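K.L.:
Following this line is upload.tsv, made up of TSV, C-alpha atoms:
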```
chain	number	residue	atom	x	y	z
A	1	MET	CA	-13.24	-16.94	-48.27
A	2	SER	CA	-14.88	-20.09	-49.62
A	3	LYS	CA	-13.22	-23.37	-48.74
A	4	VAL	CA	-10.90	-24.75	-51.40
A	5	GLU	CA	-11.60	-28.18	-52.88
A	6	SER	CA	-9.96	-31.06	-51.01
A	7	ILE	CA	-7.05	-32.76	-52.73
A	8	GLY	CA	-8.27	-36.04	-51.22
A	9	ILE	CA	-5.59	-36.90	-48.65
A	10	LYS	CA	-6.37	-40.22	-46.94
A	11	ARG	CA	-3.39	-40.45	-44.55
A	12	VAL	CA	0.32	-39.95	-44.08
A	13	GLU	CA	1.54	-43.19	-45.63
A	14	ALA	CA	5.27	-42.95	-44.90
A	15	LEU	CA	8.22	-40.81	-43.95
A	16	HIS	CA	11.32	-41.00	-46.13
A	17	TYR	CA	14.35	-40.40	-43.95
A	18	TYR	CA	17.81	-39.78	-45.42
A	19	VAL	CA	20.68	-41.13	-43.31
A	20	ARG	CA	24.43	-41.55	-43.49
A	21	ASP	CA	24.42	-44.89	-41.67
A	22	LEU	CA	21.62	-47.27	-42.65
A	23	GLU	CA	22.85	-50.02	-40.32
A	24	ARG	CA	22.61	-47.65	-37.35
A	25	SER	CA	19.03	-46.79	-38.35
A	26	ARG	CA	18.21	-50.49	-38.72
A	27	ARG	CA	19.39	-51.17	-35.17
A	28	PHE	CA	17.48	-48.16	-33.80
A	29	TYR	CA	14.14	-49.02	-35.40
A	30	THR	CA	14.19	-52.80	-35.01
A	31	GLU	CA	15.91	-53.10	-31.61
A	32	LYS	CA	14.97	-49.89	-29.77
A	33	LEU	CA	11.53	-49.07	-31.26
A	34	ASP	CA	10.57	-52.68	-32.14
A	35	PHE	CA	9.63	-51.90	-35.75
A	36	GLN	CA	9.59	-54.72	-38.30
A	37	GLU	CA	11.86	-54.44	-41.30
A	38	THR	CA	9.52	-55.48	-44.10
A	39	GLY	CA	11.50	-54.79	-47.26
A	40	ALA	CA	14.40	-53.13	-48.99
A	41	SER	CA	15.26	-51.51	-52.31
A	42	SER	CA	15.93	-54.03	-55.06
A	43	PRO	CA	19.45	-54.17	-56.51
A	44	GLU	CA	18.09	-52.51	-59.67
A	45	LEU	CA	16.49	-49.62	-57.74
A	46	THR	CA	19.56	-49.23	-55.50
A	47	ALA	CA	21.74	-48.85	-58.60
A	48	ALA	CA	19.33	-46.55	-60.43
A	49	ALA	CA	18.63	-44.28	-57.43
A	50	ALA	CA	22.21	-44.34	-56.08
A	51	GLN	CA	20.87	-45.12	-52.60
A	52	ARG	CA	20.15	-48.21	-50.54
A	53	SER	CA	16.82	-48.23	-48.70
A	54	ALA	CA	15.13	-50.25	-45.97
A	55	VAL	CA	11.46	-50.16	-44.94
A	56	PHE	CA	10.42	-50.24	-41.27
A	57	GLN	CA	6.83	-50.64	-40.10
A	58	ALA	CA	4.92	-50.55	-36.81
A	59	GLY	CA	1.12	-50.35	-36.81
A	60	GLU	CA	0.17	-47.92	-39.59
A	61	CYS	CA	3.57	-46.15	-39.41
A	62	THR	CA	6.01	-46.75	-42.24
A	63	ILE	CA	9.49	-45.23	-42.24
A	64	VAL	CA	11.84	-45.61	-45.20
A	65	CYS	CA	15.52	-44.96	-44.50
A	66	SER	CA	17.87	-44.37	-47.43
A	67	GLN	CA	21.67	-44.14	-47.43
A	68	PRO	CA	23.54	-42.75	-50.45
A	69	ILE	CA	25.56	-45.18	-52.56
A	70	GLY	CA	27.99	-42.98	-54.43
A	71	GLU	CA	26.97	-39.54	-55.67
A	72	GLY	CA	24.03	-38.02	-57.51
A	73	GLY	CA	20.99	-39.58	-55.82
A	74	ARG	CA	18.31	-37.79	-53.82
A	75	ALA	CA	19.71	-38.92	-50.46
A	76	TRP	CA	23.21	-37.76	-51.47
A	77	ARG	CA	21.92	-34.34	-52.55
A	78	TYR	CA	19.95	-33.89	-49.31
A	79	LEU	CA	22.81	-35.00	-47.04
A	80	ARG	CA	25.34	-32.86	-48.86
A	81	LYS	CA	23.52	-29.91	-47.27
A	82	HIS	CA	21.78	-31.25	-44.15
A	83	PRO	CA	22.33	-33.68	-41.27
A	84	ASP	CA	20.14	-36.80	-41.31
A	85	GLY	CA	16.50	-35.83	-41.63
A	86	VAL	CA	13.05	-36.29	-43.14
A	87	GLY	CA	13.47	-35.54	-46.84
A	88	THR	CA	10.06	-36.66	-48.09
A	89	ILE	CA	6.60	-37.03	-46.55
A	90	VAL	CA	4.39	-39.49	-48.46
A	91	PHE	CA	0.61	-39.07	-48.53
A	92	GLU	CA	-1.91	-41.56	-49.84
A	93	VAL	CA	-4.64	-39.82	-51.86
A	94	GLU	CA	-7.98	-40.95	-53.27
A	95	ASP	CA	-7.43	-39.82	-56.87
A	96	ILE	CA	-3.94	-39.00	-58.16
A	97	ALA	CA	-5.15	-37.13	-61.25
A	98	ARG	CA	-7.42	-34.87	-59.20
A	99	ALA	CA	-4.69	-34.21	-56.63
A	100	PHE	CA	-2.23	-33.28	-59.39
A	101	ARG	CA	-4.74	-31.02	-61.17
A	102	LEU	CA	-5.70	-29.16	-57.99
A	103	LEU	CA	-2.15	-28.73	-56.69
A	104	ASP	CA	-0.78	-27.64	-60.05
A	105	GLY	CA	-3.65	-25.20	-60.50
A	106	ARG	CA	-3.25	-23.68	-57.04
A	107	GLY	CA	0.44	-22.91	-57.34
A	108	GLY	CA	1.94	-26.17	-56.16
A	109	THR	CA	5.19	-26.95	-57.95
A	110	PRO	CA	5.32	-30.52	-59.28
A	111	ILE	CA	8.82	-31.99	-59.56
A	112	ASP	CA	7.64	-34.54	-62.11
A	113	GLU	CA	4.62	-35.83	-63.98
A	114	ILE	CA	2.51	-38.69	-62.62
A	115	HIS	CA	4.48	-41.96	-62.63
A	116	ARG	CA	2.47	-45.17	-62.93
A	117	ALA	CA	3.33	-48.81	-62.23
A	118	ALA	CA	1.47	-52.13	-62.10
A	119	ASP	CA	1.95	-55.32	-60.10
A	120	GLY	CA	-0.38	-58.11	-61.20
A	121	ASP	CA	-3.86	-56.62	-60.83
A	122	GLY	CA	-2.63	-53.77	-58.63
A	123	THR	CA	-1.75	-50.25	-59.80
A	124	TYR	CA	0.40	-47.51	-58.30
A	125	ALA	CA	0.68	-43.84	-59.28
A	126	SER	CA	2.67	-41.01	-57.70
A	127	PHE	CA	4.12	-37.53	-58.17
A	128	SER	CA	6.10	-35.15	-55.95
A	129	ILE	CA	6.05	-31.41	-55.28
A	130	THR	CA	8.42	-28.92	-53.69
A	131	THR	CA	7.34	-27.28	-50.42
A	132	PRO	CA	8.22	-24.38	-48.07
A	133	PHE	CA	9.53	-27.05	-45.64
A	134	GLY	CA	13.14	-26.40	-46.68
A	135	ASP	CA	14.39	-29.30	-48.82
A	136	THR	CA	11.59	-31.65	-47.73
A	137	THR	CA	9.35	-32.68	-50.61
A	138	PHE	CA	5.81	-34.11	-50.51
A	139	ARG	CA	4.93	-37.21	-52.52
A	140	PHE	CA	1.32	-38.14	-53.30
A	141	VAL	CA	0.47	-41.77	-53.97
A	142	GLU	CA	-2.64	-43.57	-55.24
A	143	ARG	CA	-2.59	-47.33	-54.78
A	144	ARG	CA	-5.26	-49.75	-55.94
A	145	GLY	CA	-4.36	-53.25	-54.84
A	146	TYR	CA	-0.65	-52.58	-55.33
A	147	ARG	CA	1.24	-54.63	-52.75
A	148	PRO	CA	4.82	-53.25	-52.59
A	149	LEU	CA	5.31	-49.95	-50.79
A	150	PHE	CA	6.77	-48.44	-53.96
A	151	PRO	CA	8.08	-49.68	-57.33
A	152	GLY	CA	11.46	-51.35	-56.79
A	153	CYS	CA	10.70	-52.20	-53.14
A	154	ALA	CA	11.48	-55.87	-52.60
A	155	PRO	CA	9.48	-57.29	-49.65
A	156	HIS	CA	11.36	-59.67	-47.35
A	157	ASP	CA	10.08	-63.25	-47.31
A	158	ALA	CA	9.26	-62.72	-43.64
A	159	PRO	CA	9.47	-59.52	-41.56
A	160	ARG	CA	12.76	-59.08	-39.73
A	161	GLY	CA	13.57	-57.43	-36.42
A	162	GLY	CA	10.83	-56.28	-34.07
A	163	HIS	CA	7.19	-57.19	-33.50
A	164	ASN	CA	5.63	-53.85	-32.43
A	165	ARG	CA	5.18	-55.04	-28.87
A	166	LEU	CA	5.37	-51.35	-27.92
A	167	GLY	CA	1.92	-50.68	-29.42
A	168	ILE	CA	2.81	-47.96	-31.93
A	169	ALA	CA	-0.40	-47.29	-33.85
A	170	ARG	CA	-0.15	-44.38	-36.33
A	171	PHE	CA	1.38	-41.00	-37.12
A	172	ASP	CA	-0.39	-38.40	-34.96
A	173	HIS	CA	1.14	-35.16	-36.27
A	174	ILE	CA	4.24	-33.70	-37.93
A	175	THR	CA	6.00	-30.65	-36.47
A	176	SER	CA	8.24	-28.38	-38.53
A	177	ASN	CA	10.36	-25.33	-37.72
A	178	PHE	CA	10.63	-22.23	-39.89
A	179	GLN	CA	12.56	-19.01	-39.54
A	180	THR	CA	9.42	-17.31	-40.86
A	181	MET	CA	6.20	-19.28	-40.65
A	182	ALA	CA	3.57	-17.15	-42.44
A	183	PRO	CA	4.53	-18.21	-46.02
A	184	ALA	CA	4.30	-21.88	-45.03
A	185	LEU	CA	0.89	-21.39	-43.38
A	186	LEU	CA	-0.44	-19.57	-46.44
A	187	TRP	CA	0.91	-22.34	-48.69
A	188	MET	CA	-0.73	-25.03	-46.55
A	189	GLU	CA	-4.05	-23.17	-46.69
A	190	HIS	CA	-4.16	-22.03	-50.30
A	191	VAL	CA	-2.20	-24.80	-52.03
A	192	LEU	CA	-2.80	-27.91	-49.89
A	193	GLY	CA	-6.26	-26.78	-48.79
A	194	LEU	CA	-5.64	-27.25	-45.04
A	195	GLU	CA	-7.44	-25.28	-42.32
A	196	PRO	CA	-6.21	-23.55	-39.12
A	197	PHE	CA	-6.60	-25.75	-36.04
A	198	TRP	CA	-4.73	-24.21	-33.07
A	199	LYS	CA	-2.19	-21.50	-32.29
A	200	ILE	CA	-0.09	-20.30	-29.37
A	201	ALA	CA	2.79	-17.95	-28.59
A	202	PHE	CA	4.88	-17.64	-25.43
A	203	HIS	CA	8.24	-16.56	-24.16
A	204	THR	CA	10.23	-18.54	-21.59
A	205	ASP	CA	11.83	-15.72	-19.60
A	206	ASP	CA	11.67	-17.89	-16.50
A	207	VAL	CA	13.53	-20.90	-17.93
A	208	ALA	CA	17.03	-19.52	-17.97
A	209	LYS	CA	17.09	-16.66	-15.47
A	210	ALA	CA	19.82	-18.37	-13.51
A	211	ALA	CA	21.82	-19.06	-16.65
A	212	GLU	CA	21.93	-16.09	-18.99
A	213	GLY	CA	19.19	-13.81	-17.79
A	214	HIS	CA	16.80	-14.50	-20.65
A	215	GLY	CA	14.84	-17.28	-22.24
A	216	SER	CA	13.54	-17.66	-25.74
A	217	GLY	CA	10.21	-18.21	-27.33
A	218	LEU	CA	8.18	-19.48	-30.20
A	219	ARG	CA	5.01	-18.89	-32.12
A	220	SER	CA	3.18	-21.98	-33.22
A	221	ALA	CA	0.19	-22.71	-35.44
A	222	VAL	CA	-1.36	-26.06	-36.33
A	223	MET	CA	-2.93	-26.68	-39.74
A	224	TRP	CA	-5.01	-29.75	-40.48
A	225	ASP	CA	-7.02	-31.62	-43.08
A	226	PRO	CA	-10.47	-32.14	-41.48
A	227	VAL	CA	-11.30	-35.16	-43.67
A	228	SER	CA	-8.22	-37.29	-42.98
A	229	GLY	CA	-7.25	-35.70	-39.66
A	230	VAL	CA	-3.66	-35.14	-40.88
A	231	LYS	CA	-2.11	-32.39	-38.73
A	232	PHE	CA	0.94	-30.17	-39.19
A	233	ALA	CA	2.28	-28.21	-36.21
A	234	ASN	CA	4.51	-25.32	-37.25
A	235	ASN	CA	6.90	-23.15	-35.21
A	236	GLU	CA	8.92	-19.97	-35.67
A	237	PRO	CA	11.26	-18.13	-33.25
A	238	TYR	CA	9.64	-15.46	-31.07
A	239	ARG	CA	11.32	-12.19	-30.13
A	240	PRO	CA	13.07	-10.60	-28.29
A	241	HIS	CA	15.78	-13.29	-28.19
A	242	PHE	CA	15.33	-14.63	-31.71
A	243	LYS	CA	18.86	-15.96	-32.14
A	244	SER	CA	18.84	-17.94	-28.88
A	245	SER	CA	15.43	-19.47	-29.59
A	246	GLN	CA	15.61	-23.23	-29.89
A	247	ILE	CA	13.68	-22.89	-33.16
A	248	ASN	CA	16.51	-20.81	-34.58
A	249	ILE	CA	19.06	-23.24	-33.11
A	250	PHE	CA	17.26	-26.08	-34.91
A	251	ASN	CA	17.47	-24.07	-38.12
A	252	GLU	CA	21.21	-23.59	-37.66
A	253	GLU	CA	21.85	-27.25	-36.81
A	254	HIS	CA	19.59	-28.56	-39.58
A	255	ARG	CA	20.94	-25.90	-41.94
A	256	GLY	CA	17.52	-24.72	-43.01
A	257	ASP	CA	13.81	-25.11	-42.29
A	258	GLY	CA	12.52	-28.64	-41.92
A	259	VAL	CA	10.74	-31.34	-39.92
A	260	GLN	CA	11.64	-31.10	-36.23
A	261	HIS	CA	9.70	-34.09	-34.89
A	262	VAL	CA	6.99	-36.61	-35.68
A	263	ALA	CA	4.48	-37.82	-33.10
A	264	LEU	CA	3.71	-41.55	-32.93
A	265	ALA	CA	0.36	-42.43	-31.37
A	266	VAL	CA	0.59	-45.37	-28.96
A	267	ASP	CA	-2.03	-47.53	-27.26
A	268	ASP	CA	-0.53	-47.57	-23.73
A	269	ILE	CA	2.14	-44.93	-23.19
A	270	LEU	CA	3.19	-46.22	-19.76
A	271	LEU	CA	3.89	-49.68	-21.17
A	272	THR	CA	5.62	-48.20	-24.22
A	273	VAL	CA	7.89	-45.86	-22.28
A	274	ARG	CA	8.76	-48.44	-19.64
A	275	GLU	CA	9.76	-50.93	-22.34
A	276	MET	CA	11.65	-48.33	-24.37
A	277	ARG	CA	13.62	-47.25	-21.30
A	278	ALA	CA	14.46	-50.90	-20.66
A	279	ARG	CA	15.78	-51.08	-24.24
A	280	GLY	CA	18.00	-48.06	-23.65
A	281	VAL	CA	15.93	-45.42	-25.44
A	282	GLU	CA	16.71	-41.95	-24.08
A	283	PHE	CA	14.09	-39.22	-23.55
A	284	MET	CA	14.18	-35.50	-22.98
A	285	PRO	CA	14.24	-34.82	-19.24
A	286	THR	CA	11.25	-33.50	-17.30
A	287	PRO	CA	12.02	-31.57	-14.07
A	288	ALA	CA	10.63	-33.03	-10.84
A	289	ALA	CA	8.84	-29.74	-10.16
A	290	TYR	CA	6.55	-30.50	-13.11
A	291	TYR	CA	4.97	-33.35	-11.12
A	292	ASP	CA	4.82	-31.35	-7.90
A	293	LEU	CA	2.63	-28.83	-9.71
A	294	LEU	CA	0.70	-31.32	-11.86
A	295	PRO	CA	-2.39	-31.97	-9.66
A	296	GLU	CA	-3.11	-28.25	-9.28
A	297	ARG	CA	-2.50	-27.59	-12.97
A	298	LEU	CA	-4.91	-30.37	-13.95
A	299	ARG	CA	-7.54	-28.87	-11.63
A	300	GLN	CA	-7.10	-25.49	-13.33
A	301	LEU	CA	-7.56	-27.18	-16.72
A	302	GLY	CA	-10.77	-28.81	-15.51
A	303	VAL	CA	-9.35	-32.33	-15.77
A	304	ASP	CA	-11.05	-33.80	-12.72
A	305	GLN	CA	-9.57	-37.27	-12.97
A	306	ILE	CA	-6.88	-39.22	-14.81
A	307	ASP	CA	-6.52	-42.99	-14.98
A	308	GLU	CA	-2.78	-42.97	-14.37
A	309	ASP	CA	-0.92	-42.79	-11.07
A	310	VAL	CA	1.08	-39.55	-10.84
A	311	ALA	CA	3.93	-41.47	-9.21
A	312	ALA	CA	4.18	-43.69	-12.30
A	313	LEU	CA	4.12	-40.65	-14.57
A	314	ARG	CA	6.88	-39.05	-12.48
A	315	GLU	CA	8.98	-42.22	-12.62
A	316	LEU	CA	8.69	-42.42	-16.41
A	317	GLU	CA	8.76	-38.60	-16.92
A	318	ILE	CA	5.54	-38.61	-18.97
A	319	LEU	CA	3.74	-35.28	-19.48
A	320	VAL	CA	-0.01	-34.71	-19.07
A	321	ASP	CA	-2.27	-31.99	-20.41
A	322	GLY	CA	-5.96	-31.58	-21.07
A	323	ASP	CA	-8.91	-29.34	-21.81
A	324	GLY	CA	-11.76	-30.45	-19.58
A	325	ALA	CA	-13.32	-33.28	-17.62
A	326	ARG	CA	-12.05	-36.69	-18.75
A	327	SER	CA	-10.34	-35.05	-21.73
A	328	TYR	CA	-6.57	-35.25	-21.60
A	329	LEU	CA	-3.48	-36.52	-23.36
A	330	LEU	CA	-0.16	-38.01	-22.31
A	331	GLN	CA	3.09	-37.45	-24.17
A	332	ILE	CA	6.86	-37.70	-23.98
A	333	PHE	CA	9.70	-36.73	-26.32
A	334	LEU	CA	12.67	-38.86	-27.29
A	335	LYS	CA	16.10	-37.30	-27.22
A	336	GLU	CA	17.06	-35.77	-30.55
A	337	SER	CA	18.90	-38.05	-32.97
A	338	ALA	CA	22.27	-36.29	-32.55
A	339	GLY	CA	22.14	-37.02	-28.82
A	340	THR	CA	20.75	-40.54	-29.23
A	341	HIS	CA	23.54	-41.55	-31.60
A	342	ARG	CA	26.27	-39.31	-30.12
A	343	ASP	CA	26.81	-37.89	-33.59
A	344	PRO	CA	26.05	-34.28	-34.67
A	345	ASP	CA	25.46	-35.48	-38.24
A	346	ALA	CA	22.50	-37.56	-36.98
A	347	GLY	CA	20.69	-34.22	-36.74
A	348	PRO	CA	18.17	-32.46	-34.45
A	349	PHE	CA	15.13	-34.58	-35.44
A	350	PHE	CA	13.30	-36.53	-32.71
A	351	PHE	CA	10.15	-38.59	-32.13
A	352	GLU	CA	7.29	-37.87	-29.77
A	353	LEU	CA	5.04	-40.51	-28.22
A	354	ILE	CA	1.43	-39.51	-27.57
A	355	GLN	CA	-1.63	-41.22	-26.13
A	356	ARG	CA	-4.89	-39.33	-26.47
A	357	LYS	CA	-7.63	-39.86	-23.92
A	358	GLY	CA	-10.38	-37.64	-25.26
A	359	ASP	CA	-8.18	-34.64	-26.05
A	360	ARG	CA	-7.75	-34.15	-29.80
A	361	GLY	CA	-5.78	-30.93	-29.56
A	362	PHE	CA	-2.33	-29.77	-28.52
A	363	GLY	CA	-1.96	-28.97	-24.84
A	364	ALA	CA	-0.44	-25.53	-24.40
A	365	GLY	CA	1.09	-26.57	-21.10
A	366	ASN	CA	2.88	-29.53	-22.64
A	367	PHE	CA	3.92	-27.53	-25.65
A	368	ARG	CA	5.63	-25.18	-23.26
A	369	ALA	CA	7.02	-28.06	-21.19
A	370	LEU	CA	8.59	-29.57	-24.33
A	371	PHE	CA	10.06	-26.22	-25.28
A	372	GLU	CA	11.54	-25.72	-21.84
A	373	SER	CA	12.88	-29.28	-21.77
A	374	ILE	CA	14.71	-28.77	-25.08
A	375	GLU	CA	16.02	-25.45	-23.82
A	376	ARG	CA	17.43	-27.00	-20.65
A	377	GLN	CA	19.07	-29.74	-22.71
A	378	GLN	CA	20.59	-27.20	-25.10
A	379	ARG	CA	21.98	-25.17	-22.19
A	380	ALA	CA	23.36	-28.29	-20.54
A	381	GLY	CA	25.18	-28.99	-23.79
A	382	GLY	CA	26.58	-25.47	-23.90
A	383	GLN	CA	24.43	-24.39	-26.84
A	384	GLY	CA	22.51	-21.20	-27.42
```
How would this structure read if it were set down as structure tokens?

P.N.:
Amino acid sequence: MSKVESIGIKRVEALHYYVRDLERSRRFYTEKLDFQETGASSPELTAAAAQRSAVFQAGECTIVCSQPIGEGGRAWRYLRKHPDGVGTIVFEVEDIARAFRLLDGRGGTPIDEIHRAADGDGTYASFSITTPFGDTTFRFVERRGYRPLFPGCAPHDAPRGGHNRLGIARFDHITSNFQTMAPALLWMEHVLGLEPFWKIAFHTDDVAKAAEGHGSGLRSAVMWDPVSGVKFANNEPYRPHFKSSQINIFNEEHRGDGVQHVALAVDDILLTVREMRARGVEFMPTPAAYYDLLPERLRQLGVDQIDEDVAALRELEILVDGDGARSYLLQIFLKESAGTHRDPDAGPFFFELIQRKGDRGFGAGNFRALFESIERQQRAGGQG
């Protein structure tokens, strides 16, 4: 099949996160993750949209959190069905008219026509589409010298809160869970124009033998845009224990398909994790046996040398994986929001931290280690 024409994605510009408690989100991003709060919805936009929003930034990562004010707004409609979660992913594109024409022509479903705004000499244009990612929509934005993040966003006179001393650089990838993944993969290929990047399937029979006599599994496939490098990792439950799969548990807790986690690329993961732990950020646990086996596993992967001390990785519970000499990555996963905030309505979403050192892929060993870590945590909490 011939490649479809690119819709011109430049980057993931922002995540729009719908929350029940905006003040709690403000404390989490500015105090725990050291994001700057750079702006908020204007009184006019807050009234018109029936939601109050704040904008948090670190490096190239922008996260907008919106809390419903009364009924009828987008955040209210989303949270009436779901726990807190990512309701919109915002992409910057080269040419809004071309993106709209291609998506509309390939079976994308626009929610609206192209909206345009101006600010001095700057212009802004956007439209949104529905997706197979449950109730998460995609918004496409073209900006030419337009300073605010979006129309009705009032920048603060000076940034408030953190200073990004943790070295968060950019969004690395977005991971979503589906009860059936094939329709989403086909949509990403034929509508968005993405290409297959990586896939894996496994079953964790060994994780829970002592507990219930069986594990669970997942199938995963990564789709990407080769021009921008934007990557989507996608999971579905894997038989024979479909119902006990953590992917299915996510679906039940989230009440539908959706974004499970977002990976934040960092410059120095040891510094970042050490500082986050000092700030009280909680991470998914890694068993000590992982580090006992790590040197041999790295040898099997052909990773002849890493810069980090294994003792430091063990202390901080950072994972390592790779695919050849001097080609590896380091990653760790924050505890899901419901656990972080001690509130089920905060939802099953979580962040990942990743530092790439030559490895551009997704380590199968770490993918499995994450899966097993979530599974242990779910069993410890009496789930599944």

K.L.:
Tell me which protein, DNA and RNA residues are within 9 Å of Lys10 (chain A), counting all atoms listed in the file, leaving out same-chain ones fewer than 6 positions away, and put them as a count of residues only.

P.N.:
8

K.L.:
Restricting the calculation to all atoms listed in the file: of A:Pro43, A:Gly70, A:Gly59, A:Pro132, which residue gets closest to Val266 (chain A)?

P.N.:
A:Gly59

K.L.:
Between CA of Gln260 (chain A) and CA of Met223 (chain A), what is the spacing in Å?

P.N.:
15.6 Å

K.L.:
Measuring atom to atom with only C-alpha atoms, identify which of A:Lys32, A:Arg314, A:Arg274, A:Arg74 is nearest to Thr88 (chain A).

P.N.:
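Answer, going by the shortest atom-to-atom distance: A:Arg74.
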
K.L.:
Kindly give the distance, in Å, that separates CA of Gln246 (chain A) and CA of Leu353 (chain A), rounded to a single decimal.

P.N.:
20.3 Å

K.L.:
What is the CA of Pro348 (chain A) to CA of Thr136 (chain A) distance in Å?

P.N.:
14.8 Å

K.L.:
Show which residues sit within 10 Å of Phe133 (chain A), as a PyMOL selection string. Count only C-alpha atoms, and ignore same-chain residues fewer than 2 positions away.

P.N.:
chain A and resi 87-88+130-131+135-138+176-178+181+184+234+256-259

K.L.:
Grab the residues selected above and save them as an mmCIF file, keeping the file's coordinate frame with C-alpha atoms.

P.N.:
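Listed below is the output, selection-v6.cif:
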```
data_model
loop_
_atom_site.group_PDB
_atom_site.id
_atom_site.type_symbol
_atom_site.label_atom_id
_atom_site.label_comp_id
_atom_site.auth_asym_id
_atom_site.auth_seq_id
_atom_site.Cartn_x
_atom_site.Cartn_y
_atom_site.Cartn_z
ATOM 1 C CA GLY A 87 13.470 -35.540 -46.840
ATOM 2 C CA THR A 88 10.060 -36.660 -48.090
ATOM 3 C CA THR A 130 8.420 -28.920 -53.690
ATOM 4 C CA THR A 131 7.340 -27.280 -50.420
ATOM 5 C CA ASP A 135 14.390 -29.300 -48.820
ATOM 6 C CA THR A 136 11.590 -31.650 -47.730
ATOM 7 C CA THR A 137 9.350 -32.680 -50.610
ATOM 8 C CA PHE A 138 5.810 -34.110 -50.510
ATOM 9 C CA SER A 176 8.240 -28.380 -38.530
ATOM 10 C CA ASN A 177 10.360 -25.330 -37.720
ATOM 11 C CA PHE A 178 10.630 -22.230 -39.890
ATOM 12 C CA MET A 181 6.200 -19.280 -40.650
ATOM 13 C CA ALA A 184 4.300 -21.880 -45.030
ATOM 14 C CA ASN A 234 4.510 -25.320 -37.250
ATOM 15 C CA GLY A 256 17.520 -24.720 -43.010
ATOM 16 C CA ASP A 257 13.810 -25.110 -42.290
ATOM 17 C CA GLY A 258 12.520 -28.640 -41.920
ATOM 18 C CA VAL A 259 10.740 -31.340 -39.920
#
```

K.L.:
May I have the residues within 10 Å of Phe150 (chain A) as a compact mmCIF listing (two decimals) with C-alpha atoms, keeping the file's coordinate frame, using all atoms listed in the file and disregarding those fewer than 2 positions away in the same chain?

P.N.:
```txt
# COMPACT_ATOMS: atom_id res chain seq x y z
CA SER A 41 15.26 -51.51 -52.31
CA ALA A 117 3.33 -48.81 -62.23
CA TYR A 124 0.40 -47.51 -58.30
CA ALA A 125 0.68 -43.84 -59.28
CA SER A 126 2.67 -41.01 -57.70
CA VAL A 141 0.47 -41.77 -53.97
CA ARG A 143 -2.59 -47.33 -54.78
CA TYR A 146 -0.65 -52.58 -55.33
CA ARG A 147 1.24 -54.63 -52.75
CA PRO A 148 4.82 -53.25 -52.59
CA GLY A 152 11.46 -51.35 -56.79
CA CYS A 153 10.70 -52.20 -53.14
CA ALA A 154 11.48 -55.87 -52.60
```

K.L.:
Could you check the closest approach to Thr46 (chain A) for each of A:Ala75, A:Val19, A:Ala338, A:Val262 and tell me which residue wins, using all atoms listed in the file?

P.N.:
A:Ala75

K.L.:
So which one's closest to Leu334 (chain A), A:Leu102, A:Leu194, A:Val281, A:Ile174? Using only C-alpha atoms, please.

P.N.:
A:Val281

K.L.:
Can you tell me which residues surround Ala346 (chain A) at a distance of at most 8 Å, considering only C-alpha atoms, apart from same-chain residues fewer than 4 positions away, and format the answer as a list of chain:residue names?

P.N.:
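What passes the distance filter is A:Val19, A:Arg20, A:Pro83, A:Asp84, A:Gly85, A:Ser337, A:Ala338, A:His341.
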
K.L.:
List every protein, DNA or RNA residue with an atom no more than 9 Å from (20.2, -45.5, -57.6) in the file's coordinates, counting only C-alpha atoms, and format the result as an MDAnalysis selection string.

P.N.:
chainID A and resid 43:52 68:70 72:74

K.L.:
Given the choices A:Arg116, A:Arg326, A:Lys231, A:Arg77, which gets closest to Pro196 (chain A) if the distance is worked out from only C-alpha atoms?

P.N.:
A:Lys231

K.L.:
So, counting all atoms listed in the file, which residue among A:Ala182, A:Thr175, A:Met188, A:Ile89 is closest to Gly108 (chain A)?

P.N.:
A:Met188

K.L.:
Tell me which protein, DNA and RNA residues are within 12 Å of Gln36 (chain A), counting only C-alpha atoms, leaving out same-chain ones fewer than 6 positions away, and put them as a list in words.

P.N.:
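Here the qualifying residues turn out to be Arg26, Arg27, Phe28, Tyr29, Thr30, Ala54, Val55, Phe56, Gln57, Ala58, Gly59, Glu60, Cys61, Thr62, Ile63, Val64, Pro155, His156, Ala158, Pro159, Arg160, Gly161, Gly162, His163, Asn164, Arg165, Leu166 and Ile168 of chain A.
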